[in-house]
Every structure is written in C-alpha cells, then in structure tokens.
file start_17.txt (compact mmCIF, N, CA and C atoms)
# COMPACT_ATOMS: atom_id res chain seq x y z
N LYS T 5 14.65 -9.41 -1.93
CA LYS T 5 15.17 -8.35 -2.78
C LYS T 5 14.07 -7.33 -3.01
N PRO T 6 14.35 -6.04 -2.77
CA PRO T 6 13.31 -5.03 -2.97
C PRO T 6 12.91 -4.93 -4.43
N PHE T 7 11.66 -4.62 -4.65
CA PHE T 7 11.14 -4.44 -6.00
C PHE T 7 11.49 -3.04 -6.47
N THR T 8 12.03 -2.92 -7.65
CA THR T 8 12.25 -1.61 -8.24
C THR T 8 11.69 -1.64 -9.65
N VAL T 9 11.21 -0.50 -10.08
CA VAL T 9 10.62 -0.39 -11.40
C VAL T 9 11.59 0.39 -12.28
N PRO T 10 12.14 -0.25 -13.33
CA PRO T 10 13.05 0.47 -14.22
C PRO T 10 12.38 1.71 -14.80
N ASN T 11 13.12 2.77 -14.86
CA ASN T 11 12.64 4.03 -15.43
C ASN T 11 11.38 4.55 -14.74
N HIS T 12 11.17 4.16 -13.51
CA HIS T 12 10.01 4.62 -12.75
C HIS T 12 10.49 5.01 -11.36
N PRO T 13 11.08 6.21 -11.24
CA PRO T 13 11.57 6.61 -9.93
C PRO T 13 10.42 6.76 -8.95
N SER T 14 10.61 6.24 -7.78
CA SER T 14 9.56 6.32 -6.78
C SER T 14 9.43 7.74 -6.26
N PRO T 15 8.23 8.31 -6.29
CA PRO T 15 8.06 9.64 -5.73
C PRO T 15 8.25 9.64 -4.23
N TYR T 16 8.27 8.46 -3.63
CA TYR T 16 8.39 8.35 -2.19
C TYR T 16 9.84 8.46 -1.75
N ARG T 17 10.79 8.28 -2.67
CA ARG T 17 12.21 8.36 -2.33
C ARG T 17 12.67 9.80 -2.22
N ASP T 18 12.08 10.69 -3.00
CA ASP T 18 12.48 12.09 -3.00
C ASP T 18 11.60 12.83 -2.01
N MET T 19 12.11 13.02 -0.82
CA MET T 19 11.28 13.60 0.23
C MET T 19 10.93 15.07 -0.03
N SER T 20 11.62 15.72 -1.00
CA SER T 20 11.24 17.09 -1.33
C SER T 20 9.89 17.11 -2.03
N SER T 21 9.50 15.96 -2.60
CA SER T 21 8.20 15.89 -3.26
C SER T 21 7.26 14.97 -2.47
N ALA T 22 7.50 14.89 -1.18
CA ALA T 22 6.67 14.02 -0.33
C ALA T 22 5.22 14.47 -0.40
N ILE T 23 4.36 13.52 -0.22
CA ILE T 23 2.94 13.79 -0.23
C ILE T 23 2.60 14.66 0.98
N ALA T 24 1.87 15.71 0.73
CA ALA T 24 1.49 16.63 1.80
C ALA T 24 0.54 15.94 2.77
N VAL T 25 0.81 16.13 4.04
CA VAL T 25 -0.03 15.56 5.08
C VAL T 25 -0.92 16.69 5.60
N PRO T 26 -2.21 16.43 5.72
CA PRO T 26 -3.10 17.49 6.22
C PRO T 26 -2.65 18.00 7.59
N GLU T 27 -2.81 19.29 7.78
CA GLU T 27 -2.38 19.93 9.04
C GLU T 27 -3.10 19.35 10.25
N TRP T 28 -4.29 18.82 10.06
CA TRP T 28 -5.07 18.32 11.19
C TRP T 28 -4.66 16.92 11.63
N TYR T 29 -3.70 16.29 10.92
CA TYR T 29 -3.17 15.00 11.38
C TYR T 29 -2.42 15.22 12.68
N ALA T 30 -2.41 14.22 13.53
CA ALA T 30 -1.72 14.31 14.81
C ALA T 30 -0.24 14.03 14.61
N SER T 31 0.60 14.81 15.25
CA SER T 31 2.03 14.57 15.24
C SER T 31 2.36 13.66 16.42
N VAL T 32 2.93 12.51 16.11
CA VAL T 32 3.32 11.56 17.15
C VAL T 32 4.78 11.21 16.85
N GLY T 33 5.69 11.80 17.61
CA GLY T 33 7.10 11.66 17.28
C GLY T 33 7.32 12.27 15.91
N ALA T 34 7.97 11.53 15.01
CA ALA T 34 8.20 12.01 13.65
C ALA T 34 7.08 11.59 12.71
N LEU T 35 6.07 10.92 13.23
CA LEU T 35 4.97 10.42 12.41
C LEU T 35 3.82 11.43 12.36
N SER T 36 3.08 11.42 11.28
CA SER T 36 1.84 12.18 11.15
C SER T 36 0.74 11.15 10.99
N ILE T 37 -0.17 11.13 11.96
CA ILE T 37 -1.17 10.07 12.05
C ILE T 37 -2.58 10.64 11.99
N HIS T 38 -3.44 9.98 11.23
CA HIS T 38 -4.85 10.38 11.18
C HIS T 38 -5.42 10.27 12.59
N PRO T 39 -6.14 11.28 13.04
CA PRO T 39 -6.68 11.26 14.41
C PRO T 39 -7.54 10.04 14.73
N ALA T 40 -8.25 9.51 13.75
CA ALA T 40 -9.07 8.32 14.00
C ALA T 40 -8.20 7.13 14.37
N LEU T 41 -7.04 7.02 13.73
CA LEU T 41 -6.13 5.92 14.04
C LEU T 41 -5.50 6.11 15.42
N VAL T 42 -5.18 7.34 15.76
CA VAL T 42 -4.66 7.63 17.10
C VAL T 42 -5.67 7.17 18.15
N LYS T 43 -6.93 7.47 17.90
CA LYS T 43 -8.00 7.11 18.83
C LYS T 43 -8.14 5.58 18.93
N VAL T 44 -8.12 4.89 17.80
CA VAL T 44 -8.26 3.43 17.80
C VAL T 44 -7.11 2.78 18.58
N VAL T 45 -5.89 3.26 18.35
CA VAL T 45 -4.74 2.70 19.07
C VAL T 45 -4.89 2.93 20.56
N LYS T 46 -5.31 4.13 20.94
CA LYS T 46 -5.46 4.48 22.37
C LYS T 46 -6.60 3.70 23.04
N GLU T 47 -7.73 3.58 22.34
CA GLU T 47 -8.92 3.01 22.97
C GLU T 47 -9.15 1.52 22.71
N GLU T 48 -8.63 1.01 21.59
CA GLU T 48 -8.93 -0.37 21.22
C GLU T 48 -7.71 -1.29 21.16
N VAL T 49 -6.60 -0.78 20.66
CA VAL T 49 -5.43 -1.62 20.43
C VAL T 49 -4.63 -1.85 21.70
N CYS T 50 -4.29 -0.78 22.39
CA CYS T 50 -3.37 -0.89 23.53
C CYS T 50 -3.98 -1.38 24.85
N PRO T 51 -5.21 -1.00 25.18
CA PRO T 51 -5.74 -1.44 26.48
C PRO T 51 -5.68 -2.96 26.65
N GLY T 52 -5.17 -3.37 27.80
CA GLY T 52 -5.09 -4.78 28.12
C GLY T 52 -3.84 -5.48 27.60
N THR T 53 -3.00 -4.74 26.87
CA THR T 53 -1.79 -5.37 26.32
C THR T 53 -0.56 -5.13 27.20
N GLY T 54 -0.64 -4.13 28.07
CA GLY T 54 0.54 -3.75 28.85
C GLY T 54 1.42 -2.75 28.12
N PHE T 55 1.01 -2.37 26.91
CA PHE T 55 1.79 -1.40 26.13
C PHE T 55 1.01 -0.09 26.04
N SER T 56 1.71 1.00 26.22
CA SER T 56 1.08 2.31 26.11
C SER T 56 1.02 2.74 24.64
N PRO T 57 0.11 3.66 24.33
CA PRO T 57 0.09 4.19 22.97
C PRO T 57 1.45 4.82 22.59
N ALA T 58 2.10 5.49 23.54
CA ALA T 58 3.41 6.10 23.24
C ALA T 58 4.41 5.03 22.82
N TYR T 59 4.39 3.89 23.49
CA TYR T 59 5.30 2.79 23.13
C TYR T 59 4.94 2.24 21.75
N PHE T 60 3.66 2.07 21.48
CA PHE T 60 3.19 1.59 20.18
C PHE T 60 3.72 2.49 19.06
N TRP T 61 3.52 3.81 19.22
CA TRP T 61 3.92 4.74 18.18
C TRP T 61 5.44 4.81 18.05
N SER T 62 6.17 4.71 19.15
CA SER T 62 7.64 4.75 19.05
C SER T 62 8.15 3.51 18.31
N CYS T 63 7.52 2.37 18.54
CA CYS T 63 7.91 1.15 17.82
C CYS T 63 7.59 1.28 16.33
N LEU T 64 6.42 1.83 16.02
CA LEU T 64 6.05 2.02 14.62
C LEU T 64 7.01 2.99 13.94
N GLU T 65 7.38 4.03 14.63
CA GLU T 65 8.32 5.00 14.07
C GLU T 65 9.67 4.34 13.77
N ARG T 66 10.16 3.52 14.71
CA ARG T 66 11.42 2.81 14.49
C ARG T 66 11.31 1.86 13.29
N LEU T 67 10.20 1.15 13.20
CA LEU T 67 10.00 0.22 12.08
C LEU T 67 9.95 0.95 10.74
N THR T 68 9.24 2.08 10.71
CA THR T 68 9.14 2.81 9.45
C THR T 68 10.50 3.38 9.04
N LYS T 69 11.32 3.76 10.00
CA LYS T 69 12.67 4.22 9.67
C LYS T 69 13.52 3.06 9.18
N GLU T 70 13.44 1.93 9.87
CA GLU T 70 14.24 0.75 9.50
C GLU T 70 13.87 0.22 8.12
N PHE T 71 12.60 0.21 7.80
CA PHE T 71 12.12 -0.37 6.54
C PHE T 71 11.70 0.67 5.52
N ARG T 72 12.18 1.90 5.68
CA ARG T 72 11.76 3.00 4.83
C ARG T 72 11.90 2.68 3.34
N PHE T 73 13.06 2.22 2.91
CA PHE T 73 13.27 1.99 1.49
C PHE T 73 12.40 0.85 0.97
N GLU T 74 12.22 -0.18 1.77
CA GLU T 74 11.34 -1.27 1.37
C GLU T 74 9.90 -0.77 1.25
N LEU T 75 9.48 0.07 2.21
CA LEU T 75 8.13 0.63 2.16
C LEU T 75 7.96 1.51 0.92
N GLU T 76 8.97 2.33 0.62
CA GLU T 76 8.91 3.19 -0.55
C GLU T 76 8.82 2.36 -1.84
N ASP T 77 9.59 1.27 -1.89
CA ASP T 77 9.52 0.40 -3.06
C ASP T 77 8.13 -0.22 -3.20
N CYS T 78 7.55 -0.62 -2.07
CA CYS T 78 6.20 -1.20 -2.10
C CYS T 78 5.18 -0.17 -2.57
N LEU T 79 5.30 1.05 -2.10
CA LEU T 79 4.38 2.11 -2.53
C LEU T 79 4.56 2.39 -4.02
N GLY T 80 5.80 2.38 -4.48
CA GLY T 80 6.05 2.57 -5.92
C GLY T 80 5.46 1.45 -6.73
N ARG T 81 5.62 0.22 -6.25
CA ARG T 81 5.05 -0.95 -6.93
C ARG T 81 3.53 -0.85 -6.97
N ARG T 82 2.94 -0.41 -5.86
CA ARG T 82 1.49 -0.24 -5.81
C ARG T 82 1.03 0.77 -6.86
N ASP T 83 1.78 1.86 -7.01
CA ASP T 83 1.42 2.88 -8.01
C ASP T 83 1.47 2.31 -9.42
N VAL T 84 2.51 1.51 -9.71
CA VAL T 84 2.65 0.91 -11.04
C VAL T 84 1.49 -0.05 -11.30
N LEU T 85 1.20 -0.91 -10.33
CA LEU T 85 0.09 -1.85 -10.49
C LEU T 85 -1.23 -1.11 -10.70
N GLN T 86 -1.46 -0.06 -9.92
CA GLN T 86 -2.72 0.67 -10.04
C GLN T 86 -2.83 1.30 -11.41
N ALA T 87 -1.73 1.84 -11.93
CA ALA T 87 -1.76 2.44 -13.27
C ALA T 87 -2.07 1.37 -14.32
N GLU T 88 -1.49 0.18 -14.18
CA GLU T 88 -1.76 -0.90 -15.13
C GLU T 88 -3.22 -1.35 -15.06
N VAL T 89 -3.75 -1.45 -13.85
CA VAL T 89 -5.15 -1.83 -13.69
C VAL T 89 -6.06 -0.77 -14.29
N ASP T 90 -5.77 0.49 -14.01
CA ASP T 90 -6.57 1.58 -14.57
C ASP T 90 -6.56 1.54 -16.09
N ASP T 91 -5.36 1.35 -16.66
CA ASP T 91 -5.24 1.29 -18.13
C ASP T 91 -6.03 0.12 -18.71
N PHE T 92 -5.94 -1.04 -18.04
CA PHE T 92 -6.65 -2.23 -18.51
C PHE T 92 -8.15 -1.99 -18.55
N TYR T 93 -8.69 -1.48 -17.45
CA TYR T 93 -10.14 -1.27 -17.39
C TYR T 93 -10.58 -0.17 -18.34
N GLU T 94 -9.78 0.89 -18.46
CA GLU T 94 -10.14 1.98 -19.36
C GLU T 94 -10.11 1.51 -20.82
N SER T 95 -9.09 0.77 -21.20
CA SER T 95 -9.02 0.30 -22.59
C SER T 95 -10.15 -0.68 -22.91
N ASN T 96 -10.49 -1.52 -21.94
CA ASN T 96 -11.60 -2.45 -22.17
C ASN T 96 -12.94 -1.73 -22.21
N ARG T 97 -13.08 -0.71 -21.39
CA ARG T 97 -14.31 0.09 -21.41
C ARG T 97 -14.46 0.77 -22.76
N LYS T 98 -13.35 1.37 -23.25
CA LYS T 98 -13.39 2.05 -24.54
C LYS T 98 -13.67 1.08 -25.68
N ALA T 99 -13.27 -0.19 -25.51
CA ALA T 99 -13.53 -1.21 -26.54
C ALA T 99 -14.95 -1.76 -26.44
N GLY T 100 -15.73 -1.24 -25.49
CA GLY T 100 -17.12 -1.65 -25.36
C GLY T 100 -17.36 -2.83 -24.45
N HIS T 101 -16.35 -3.22 -23.69
CA HIS T 101 -16.50 -4.35 -22.77
C HIS T 101 -16.98 -3.87 -21.40
N GLU T 102 -17.82 -4.65 -20.79
CA GLU T 102 -18.28 -4.38 -19.43
C GLU T 102 -17.47 -5.27 -18.50
N CYS T 103 -16.46 -4.70 -17.85
CA CYS T 103 -15.52 -5.49 -17.05
C CYS T 103 -16.15 -6.13 -15.82
N THR T 104 -17.32 -5.67 -15.42
CA THR T 104 -17.98 -6.29 -14.27
C THR T 104 -18.86 -7.46 -14.68
N ALA T 105 -18.97 -7.70 -15.98
CA ALA T 105 -19.78 -8.82 -16.47
C ALA T 105 -19.10 -10.15 -16.14
N ASP T 106 -19.90 -11.14 -15.82
CA ASP T 106 -19.36 -12.47 -15.49
C ASP T 106 -18.45 -13.01 -16.58
N ALA T 107 -18.77 -12.75 -17.82
CA ALA T 107 -17.98 -13.26 -18.94
C ALA T 107 -16.57 -12.67 -18.96
N MET T 108 -16.37 -11.51 -18.34
CA MET T 108 -15.06 -10.86 -18.32
C MET T 108 -14.17 -11.33 -17.17
N ARG T 109 -14.75 -12.03 -16.19
CA ARG T 109 -13.98 -12.42 -15.01
C ARG T 109 -12.71 -13.20 -15.32
N PRO T 110 -12.77 -14.21 -16.20
CA PRO T 110 -11.53 -14.94 -16.49
C PRO T 110 -10.45 -14.05 -17.10
N LEU T 111 -10.84 -13.15 -17.99
CA LEU T 111 -9.88 -12.23 -18.61
C LEU T 111 -9.27 -11.30 -17.57
N CYS T 112 -10.12 -10.76 -16.71
CA CYS T 112 -9.65 -9.86 -15.65
C CYS T 112 -8.71 -10.60 -14.70
N LYS T 113 -9.10 -11.79 -14.32
CA LYS T 113 -8.26 -12.58 -13.40
C LYS T 113 -6.91 -12.90 -14.04
N GLN T 114 -6.92 -13.27 -15.29
CA GLN T 114 -5.66 -13.58 -15.98
C GLN T 114 -4.79 -12.33 -16.07
N PHE T 115 -5.40 -11.20 -16.36
CA PHE T 115 -4.65 -9.95 -16.42
C PHE T 115 -3.97 -9.67 -15.08
N LEU T 116 -4.72 -9.81 -13.99
CA LEU T 116 -4.15 -9.56 -12.67
C LEU T 116 -3.01 -10.53 -12.34
N LYS T 117 -3.12 -11.76 -12.81
CA LYS T 117 -2.01 -12.72 -12.65
C LYS T 117 -0.82 -12.29 -13.49
N ASP T 118 -1.08 -11.88 -14.72
CA ASP T 118 -0.01 -11.51 -15.64
C ASP T 118 0.83 -10.35 -15.11
N ILE T 119 0.20 -9.40 -14.44
CA ILE T 119 0.96 -8.25 -13.93
C ILE T 119 1.51 -8.49 -12.53
N GLY T 120 1.25 -9.66 -11.97
CA GLY T 120 1.79 -9.98 -10.66
C GLY T 120 0.94 -9.52 -9.49
N TYR T 121 -0.28 -9.09 -9.78
CA TYR T 121 -1.18 -8.66 -8.71
C TYR T 121 -1.75 -9.86 -7.96
N LEU T 122 -2.06 -10.90 -8.69
CA LEU T 122 -2.55 -12.15 -8.09
C LEU T 122 -1.48 -13.22 -8.27
N GLU T 123 -1.31 -14.04 -7.26
CA GLU T 123 -0.39 -15.16 -7.35
C GLU T 123 -1.13 -16.42 -6.94
N GLU T 124 -0.63 -17.55 -7.40
CA GLU T 124 -1.22 -18.82 -7.01
C GLU T 124 -1.05 -19.02 -5.51
N ASP T 125 -2.00 -19.68 -4.90
CA ASP T 125 -1.92 -20.04 -3.49
C ASP T 125 -0.89 -21.13 -3.32
N HIS T 126 0.11 -20.87 -2.52
CA HIS T 126 1.16 -21.85 -2.27
C HIS T 126 1.00 -22.53 -0.93
N GLY T 127 -0.20 -22.46 -0.36
CA GLY T 127 -0.47 -23.13 0.90
C GLY T 127 -0.15 -22.27 2.10
N PRO T 128 -0.19 -22.87 3.28
CA PRO T 128 0.06 -22.13 4.52
C PRO T 128 1.43 -21.48 4.55
N VAL T 129 1.50 -20.36 5.23
CA VAL T 129 2.75 -19.63 5.38
C VAL T 129 3.09 -19.55 6.87
N ASN T 130 4.33 -19.82 7.18
CA ASN T 130 4.80 -19.66 8.55
C ASN T 130 5.62 -18.40 8.67
N ILE T 131 5.36 -17.65 9.71
CA ILE T 131 6.11 -16.41 9.93
C ILE T 131 6.89 -16.55 11.23

call {"tool": "encode", "arguments": {"input": "start_17.txt", "output": "structure tokens"}}
result
Amino acid sequence: KPFTVPNHPSPYRDMSSAIAVPEWYASVGALSIHPALVKVVKEEVCPGTGFSPAYFWSCLERLTKEFRFELEDCLGRRDVLQAEVDDFYESNRKAGHECTADAMRPLCKQFLKDIGYLEEDHGPVNI
C-alpha cells in the first residue's frame, strides 16, 4: 500500500510545480539525467552486460512511468521525514543539547524509530 501523508499533498504529484531540472542535464527519452550519471552508465554499467545505454535508459523510463505514483509517495514521505528530523535536531539544539554527543545517541535512535525512519532488523530478505 502506498504511503500517503494526510494533509500533506506531495509536490511531486502536481507536475505544474515540478522541480526545475538544470538545462545542462542530458535529455534521454523523457528523462533528464545528470551528465555524470550518463557517463557512468555508458562507461561502467553497460559494458560487458550485452545491454546498450539506450536500452538501459528506455527501461528506466518505463519503470519510472509504471511506478510514478509510488515514487512520488516515497519522495513525499522522504520530505516529511526530513522535516521531522530537522525539527528534532533544531529543537534539541535550541534546548542546549549537542545531538552528536554520545549521550544523545539513544535519544536520537529512539526518535528515528518513533518516526519510522529506523526499523528493527527482521533478518534476511528474499527478492
């Protein structure tokens, strides 16, 4: 089930407010890719696999279209978590706590568990 945040519309769902992509990004199909990643795929990822970079990017484009809403929900969830983490550290800093101190680690770890950022290890996962 996709994660949704009540009263927190994802900015990723409204493409009119999509994040601007720098003009110098490479256009690959409908994707806008950082040139360094284009280079890595061409020079490191694809050689020896039997797959061309064009095939790699077309598959990625299909996947991003297929899973668009799930990806948007994940990005929205990431934004919510980041805001909670920022608020936690800022409020503790203002209260005079040094969050990088060893004594704060248990509190920080518990906070991350409480907001769902950290989960217990449930052992090996099969995919």

call {"tool": "residues_around", "arguments": {"input": "start_17.txt", "residues": "segment 120-125 of chain T", "least_positions_apart": "6", "cutoff": "9 Å", "atoms": "only C-alpha atoms", "output": "CSV table (one decimal) with N, CA and C atoms, in the frame of the given file"}}
result
chain,number,residue,atom,x,y,z
T,85,LEU,N,1.2,-0.9,-10.3
T,85,LEU,CA,0.1,-1.8,-10.5
T,85,LEU,C,-1.2,-1.1,-10.7
T,113,LYS,N,-9.1,-11.8,-14.3
T,113,LYS,CA,-8.3,-12.6,-13.4
T,113,LYS,C,-6.9,-12.9,-14.0
T,114,GLN,N,-6.9,-13.3,-15.3
T,114,GLN,CA,-5.7,-13.6,-16.0
T,114,GLN,C,-4.8,-12.3,-16.1

call {"tool": "select_by_dssp", "arguments": {"input": "start_17.txt", "residues": "chain T", "states": "alpha helix (DSSP H)", "output": "short mmCIF file (atom, residue, chain, number, x, y, z; two decimals) with N, CA and C atoms, keeping the file's coordinate frame"}}
result
data_model
loop_
_atom_site.label_atom_id
_atom_site.label_comp_id
_atom_site.auth_asym_id
_atom_site.auth_seq_id
_atom_site.Cartn_x
_atom_site.Cartn_y
_atom_site.Cartn_z
N PRO T 39 -6.14 11.28 13.04
CA PRO T 39 -6.68 11.26 14.41
C PRO T 39 -7.54 10.04 14.73
N ALA T 40 -8.25 9.51 13.75
CA ALA T 40 -9.07 8.32 14.00
C ALA T 40 -8.20 7.13 14.37
N LEU T 41 -7.04 7.02 13.73
CA LEU T 41 -6.13 5.92 14.04
C LEU T 41 -5.50 6.11 15.42
N VAL T 42 -5.18 7.34 15.76
CA VAL T 42 -4.66 7.63 17.10
C VAL T 42 -5.67 7.17 18.15
N LYS T 43 -6.93 7.47 17.90
CA LYS T 43 -8.00 7.11 18.83
C LYS T 43 -8.14 5.58 18.93
N VAL T 44 -8.12 4.89 17.80
CA VAL T 44 -8.26 3.43 17.80
C VAL T 44 -7.11 2.78 18.58
N PRO T 57 0.11 3.66 24.33
CA PRO T 57 0.09 4.19 22.97
C PRO T 57 1.45 4.82 22.59
N ALA T 58 2.10 5.49 23.54
CA ALA T 58 3.41 6.10 23.24
C ALA T 58 4.41 5.03 22.82
N TYR T 59 4.39 3.89 23.49
CA TYR T 59 5.30 2.79 23.13
C TYR T 59 4.94 2.24 21.75
N PHE T 60 3.66 2.07 21.48
CA PHE T 60 3.19 1.59 20.18
C PHE T 60 3.72 2.49 19.06
N TRP T 61 3.52 3.81 19.22
CA TRP T 61 3.92 4.74 18.18
C TRP T 61 5.44 4.81 18.05
N SER T 62 6.17 4.71 19.15
CA SER T 62 7.64 4.75 19.05
C SER T 62 8.15 3.51 18.31
N CYS T 63 7.52 2.37 18.54
CA CYS T 63 7.91 1.15 17.82
C CYS T 63 7.59 1.28 16.33
N LEU T 64 6.42 1.83 16.02
CA LEU T 64 6.05 2.02 14.62
C LEU T 64 7.01 2.99 13.94
N GLU T 65 7.38 4.03 14.63
CA GLU T 65 8.32 5.00 14.07
C GLU T 65 9.67 4.34 13.77
N ARG T 66 10.16 3.52 14.71
CA ARG T 66 11.42 2.81 14.49
C ARG T 66 11.31 1.86 13.29
N LEU T 67 10.20 1.15 13.20
CA LEU T 67 10.00 0.22 12.08
C LEU T 67 9.95 0.95 10.74
N THR T 68 9.24 2.08 10.71
CA THR T 68 9.14 2.81 9.45
C THR T 68 10.50 3.38 9.04
N LYS T 69 11.32 3.76 10.00
CA LYS T 69 12.67 4.22 9.67
C LYS T 69 13.52 3.06 9.18
N GLU T 70 13.44 1.93 9.87
CA GLU T 70 14.24 0.75 9.50
C GLU T 70 13.87 0.22 8.12
N ARG T 72 12.18 1.90 5.68
CA ARG T 72 11.76 3.00 4.83
C ARG T 72 11.90 2.68 3.34
N PHE T 73 13.06 2.22 2.91
CA PHE T 73 13.27 1.99 1.49
C PHE T 73 12.40 0.85 0.97
N GLU T 74 12.22 -0.18 1.77
CA GLU T 74 11.34 -1.27 1.37
C GLU T 74 9.90 -0.77 1.25
N LEU T 75 9.48 0.07 2.21
CA LEU T 75 8.13 0.63 2.16
C LEU T 75 7.96 1.51 0.92
N GLU T 76 8.97 2.33 0.62
CA GLU T 76 8.91 3.19 -0.55
C GLU T 76 8.82 2.36 -1.84
N ASP T 77 9.59 1.27 -1.89
CA ASP T 77 9.52 0.40 -3.06
C ASP T 77 8.13 -0.22 -3.20
N CYS T 78 7.55 -0.62 -2.07
CA CYS T 78 6.20 -1.20 -2.10
C CYS T 78 5.18 -0.17 -2.57
N LEU T 79 5.30 1.05 -2.10
CA LEU T 79 4.38 2.11 -2.53
C LEU T 79 4.56 2.39 -4.02
N GLY T 80 5.80 2.38 -4.48
CA GLY T 80 6.05 2.57 -5.92
C GLY T 80 5.46 1.45 -6.73
N ARG T 81 5.62 0.22 -6.25
CA ARG T 81 5.05 -0.95 -6.93
C ARG T 81 3.53 -0.85 -6.97
N ARG T 82 2.94 -0.41 -5.86
CA ARG T 82 1.49 -0.24 -5.81
C ARG T 82 1.03 0.77 -6.86
N ASP T 83 1.78 1.86 -7.01
CA ASP T 83 1.42 2.88 -8.01
C ASP T 83 1.47 2.31 -9.42
N VAL T 84 2.51 1.51 -9.71
CA VAL T 84 2.65 0.91 -11.04
C VAL T 84 1.49 -0.05 -11.30
N LEU T 85 1.20 -0.91 -10.33
CA LEU T 85 0.09 -1.85 -10.49
C LEU T 85 -1.23 -1.11 -10.70
N GLN T 86 -1.46 -0.06 -9.92
CA GLN T 86 -2.72 0.67 -10.04
C GLN T 86 -2.83 1.30 -11.41
N ALA T 87 -1.73 1.84 -11.93
CA ALA T 87 -1.76 2.44 -13.27
C ALA T 87 -2.07 1.37 -14.32
N GLU T 88 -1.49 0.18 -14.18
CA GLU T 88 -1.76 -0.90 -15.13
C GLU T 88 -3.22 -1.35 -15.06
N VAL T 89 -3.75 -1.45 -13.85
CA VAL T 89 -5.15 -1.83 -13.69
C VAL T 89 -6.06 -0.77 -14.29
N ASP T 90 -5.77 0.49 -14.01
CA ASP T 90 -6.57 1.58 -14.57
C ASP T 90 -6.56 1.54 -16.09
N ASP T 91 -5.36 1.35 -16.66
CA ASP T 91 -5.24 1.29 -18.13
C ASP T 91 -6.03 0.12 -18.71
N PHE T 92 -5.94 -1.04 -18.04
CA PHE T 92 -6.65 -2.23 -18.51
C PHE T 92 -8.15 -1.99 -18.55
N TYR T 93 -8.69 -1.48 -17.45
CA TYR T 93 -10.14 -1.27 -17.39
C TYR T 93 -10.58 -0.17 -18.34
N GLU T 94 -9.78 0.89 -18.46
CA GLU T 94 -10.14 1.98 -19.36
C GLU T 94 -10.11 1.51 -20.82
N SER T 95 -9.09 0.77 -21.20
CA SER T 95 -9.02 0.30 -22.59
C SER T 95 -10.15 -0.68 -22.91
N ASN T 96 -10.49 -1.52 -21.94
CA ASN T 96 -11.60 -2.45 -22.17
C ASN T 96 -12.94 -1.73 -22.21
N ARG T 97 -13.08 -0.71 -21.39
CA ARG T 97 -14.31 0.09 -21.41
C ARG T 97 -14.46 0.77 -22.76
N LYS T 98 -13.35 1.37 -23.25
CA LYS T 98 -13.39 2.05 -24.54
C LYS T 98 -13.67 1.08 -25.68
N ARG T 109 -14.75 -12.03 -16.19
CA ARG T 109 -13.98 -12.42 -15.01
C ARG T 109 -12.71 -13.20 -15.32
N PRO T 110 -12.77 -14.21 -16.20
CA PRO T 110 -11.53 -14.94 -16.49
C PRO T 110 -10.45 -14.05 -17.10
N LEU T 111 -10.84 -13.15 -17.99
CA LEU T 111 -9.88 -12.23 -18.61
C LEU T 111 -9.27 -11.30 -17.57
N CYS T 112 -10.12 -10.76 -16.71
CA CYS T 112 -9.65 -9.86 -15.65
C CYS T 112 -8.71 -10.60 -14.70
N LYS T 113 -9.10 -11.79 -14.32
CA LYS T 113 -8.26 -12.58 -13.40
C LYS T 113 -6.91 -12.90 -14.04
N GLN T 114 -6.92 -13.27 -15.29
CA GLN T 114 -5.66 -13.58 -15.98
C GLN T 114 -4.79 -12.33 -16.07
N PHE T 115 -5.40 -11.20 -16.36
CA PHE T 115 -4.65 -9.95 -16.42
C PHE T 115 -3.97 -9.67 -15.08
N LEU T 116 -4.72 -9.81 -13.99
CA LEU T 116 -4.15 -9.56 -12.67
C LEU T 116 -3.01 -10.53 -12.34
N LYS T 117 -3.12 -11.76 -12.81
CA LYS T 117 -2.01 -12.72 -12.65
C LYS T 117 -0.82 -12.29 -13.49
N ASP T 118 -1.08 -11.88 -14.72
CA ASP T 118 -0.01 -11.51 -15.64
C ASP T 118 0.83 -10.35 -15.11
#

call {"tool": "atom_distance", "arguments": {"input": "start_17.txt", "atom1": "atom N of Lys46 of chain T", "atom2": "atom N of Cys63 of chain T"}}
result
13.2 Å

call {"tool": "closest_residue", "arguments": {"input": "start_17.txt", "among": "T:Pro39, T:Gly33, T:Gly127, T:Pro110", "to": "Trp61 of chain T", "atoms": "only N, CA and C atoms"}}
result
T:Gly33

call {"tool": "residues_near_point", "arguments": {"input": "start_17.txt", "point": "(-4.0, 3.3, 13.8)", "cutoff": "12 Å", "atoms": "only C-alpha atoms", "output": "PyMOL selection string"}}
result
chain T and resi 29-30+32+35-50+57+60-61+64

call {"tool": "atom_distance", "arguments": {"input": "start_17.txt", "atom1": "atom C of Ala34 of chain T", "atom2": "atom C of Phe55 of chain T"}}
result
18.7 Å

call {"tool": "atom_distance", "arguments": {"input": "start_17.txt", "atom1": "atom CA of Val89 of chain T", "atom2": "atom N of Phe73 of chain T"}}
result
25.0 Å
